[in-house]
Amino acid sequence: MSDETYLLDKLHAAEEALDFVSSLDEQEFANSRLHQWAVVKQLEIIGEAANRVSQAFRDQHSVIPWPLIIGMRNRLVHDYTRIDIATVWTTVTRDLPSLVAALTPMVPPDSTA
């Protein structure tokens, strides 16, 4: 698969995660295991796709915090018993909008549908 495909996967997963929390406040999110796990899964996809993007592409687009994204995925997958839901909330509400903004121009418009 190409870098473009992985970027599209990241973009779609980020948009999904944002959609999952769009009608919630932090307390509602904290009380909804369904929403928490839905968002965690999308963050895992974002991190896995980031890990699969070529190193050359990552080097050319250092505005994306690749190591942090990949590290979060690793934490969610391998240290799943210690997931901090407040951190997940902060990530989805504070960090994902800027990730979507950064990724959108990297993905050709005809592939976002």
# chains A, B, ... in the order shown; residues from 1 in each chain; ligands from 1
>>> residues_around(residues="region 70-86 of chain A", least_positions_apart="3", cutoff="12 Å", atoms="only C-alpha atoms", output="PyMOL selection string")
chain A and resi 10+25-33+35-37+39-53+58+64-67+89-94
>>> residues_around(residues="Val100 (chain A)", least_positions_apart="3", cutoff="10 Å", atoms="only C-alpha atoms", output="NGL selection string")
:A and (10-15 or 18 or 95-97 or 103-105)
>>> write_last_selection(atoms="C-alpha atoms", output="PDB file, in the first residue's frame")
ATOM      1  CA  LYS A  10      -5.383   8.290   9.173  1.00  0.00           C
ATOM      2  CA  LEU A  11      -7.627  11.068   7.949  1.00  0.00           C
ATOM      3  CA  HIS A  12     -10.768   8.922   7.938  1.00  0.00           C
ATOM      4  CA  ALA A  13     -10.034   7.502  11.389  1.00  0.00           C
ATOM      5  CA  ALA A  14      -9.447  10.988  12.803  1.00  0.00           C
ATOM      6  CA  GLU A  15     -12.691  12.240  11.282  1.00  0.00           C
ATOM      7  CA  LEU A  18     -14.181  13.440  16.041  1.00  0.00           C
ATOM      8  CA  ASP A  95      -5.020  17.211  18.816  1.00  0.00           C
ATOM      9  CA  LEU A  96      -7.163  15.535  16.171  1.00  0.00           C
ATOM     10  CA  PRO A  97      -8.618  18.728  14.667  1.00  0.00           C
ATOM     11  CA  LEU A 103      -3.497  15.751   6.649  1.00  0.00           C
ATOM     12  CA  THR A 104      -6.249  17.125   4.424  1.00  0.00           C
ATOM     13  CA  PRO A 105      -3.939  18.920   1.954  1.00  0.00           C
TER      14      PRO A 105
END
>>> closest_residue(among="A:Val107, A:Ala101, A:Leu68, A:Val88", to="Glu4 (chain A)", atoms="only C-alpha atoms")
A:Val107
>>> atom_distance(atom1="CA of Ala56 (chain A)", atom2="CA of Ile69 (chain A)")
16.7 Å
>>> select_by_dssp(residues="region 33-74 of chain A", states="helix (DSSP H, G or I)", output="PyMOL selection string")
chain A and resi 33-52+55-60+66-74
>>> write_last_selection(atoms="C-alpha atoms", output="short mmCIF file (atom, residue, chain, number, x, y, z; two decimals), in the first residue's frame")
data_model
loop_
_atom_site.label_atom_id
_atom_site.label_comp_id
_atom_site.auth_asym_id
_atom_site.auth_seq_id
_atom_site.Cartn_x
_atom_site.Cartn_y
_atom_site.Cartn_z
CA ARG A 33 -17.40 3.01 27.55
CA LEU A 34 -18.91 2.61 24.08
CA HIS A 35 -17.62 6.00 22.96
CA GLN A 36 -14.30 5.49 24.71
CA TRP A 37 -13.57 2.23 22.95
CA ALA A 38 -14.80 3.55 19.61
CA VAL A 39 -12.36 6.46 19.88
CA VAL A 40 -9.52 4.27 21.16
CA LYS A 41 -9.95 2.02 18.12
CA GLN A 42 -9.71 5.00 15.78
CA LEU A 43 -6.59 6.23 17.58
CA GLU A 44 -5.08 2.78 17.14
CA ILE A 45 -5.81 2.94 13.40
CA ILE A 46 -4.28 6.42 13.17
CA GLY A 47 -1.13 5.21 14.92
CA GLU A 48 -0.82 2.04 12.87
CA ALA A 49 -1.27 3.94 9.62
CA ALA A 50 1.32 6.50 10.78
CA ASN A 51 3.75 3.68 11.48
CA ARG A 52 3.27 2.34 7.95
CA GLN A 55 10.22 7.17 6.72
CA ALA A 56 11.03 9.36 3.72
CA PHE A 57 7.50 10.79 3.75
CA ARG A 58 7.61 11.31 7.52
CA ASP A 59 10.93 13.13 7.17
CA GLN A 60 9.46 15.42 4.49
CA TRP A 66 4.80 10.95 13.93
CA PRO A 67 6.62 9.54 17.00
CA LEU A 68 3.89 10.77 19.37
CA ILE A 69 1.13 9.30 17.21
CA ILE A 70 2.88 5.96 16.87
CA GLY A 71 3.78 5.97 20.57
CA MET A 72 0.18 6.55 21.57
CA ARG A 73 -0.94 3.65 19.40
CA ASN A 74 1.65 1.41 21.04
#
>>> atom_distance(atom1="CA of Ser54 (chain A)", atom2="CA of Thr5 (chain A)")
11.4 Å
>>> atom_distance(atom1="CA of Ser62 (chain A)", atom2="CA of Glu16 (chain A)")
23.7 Å
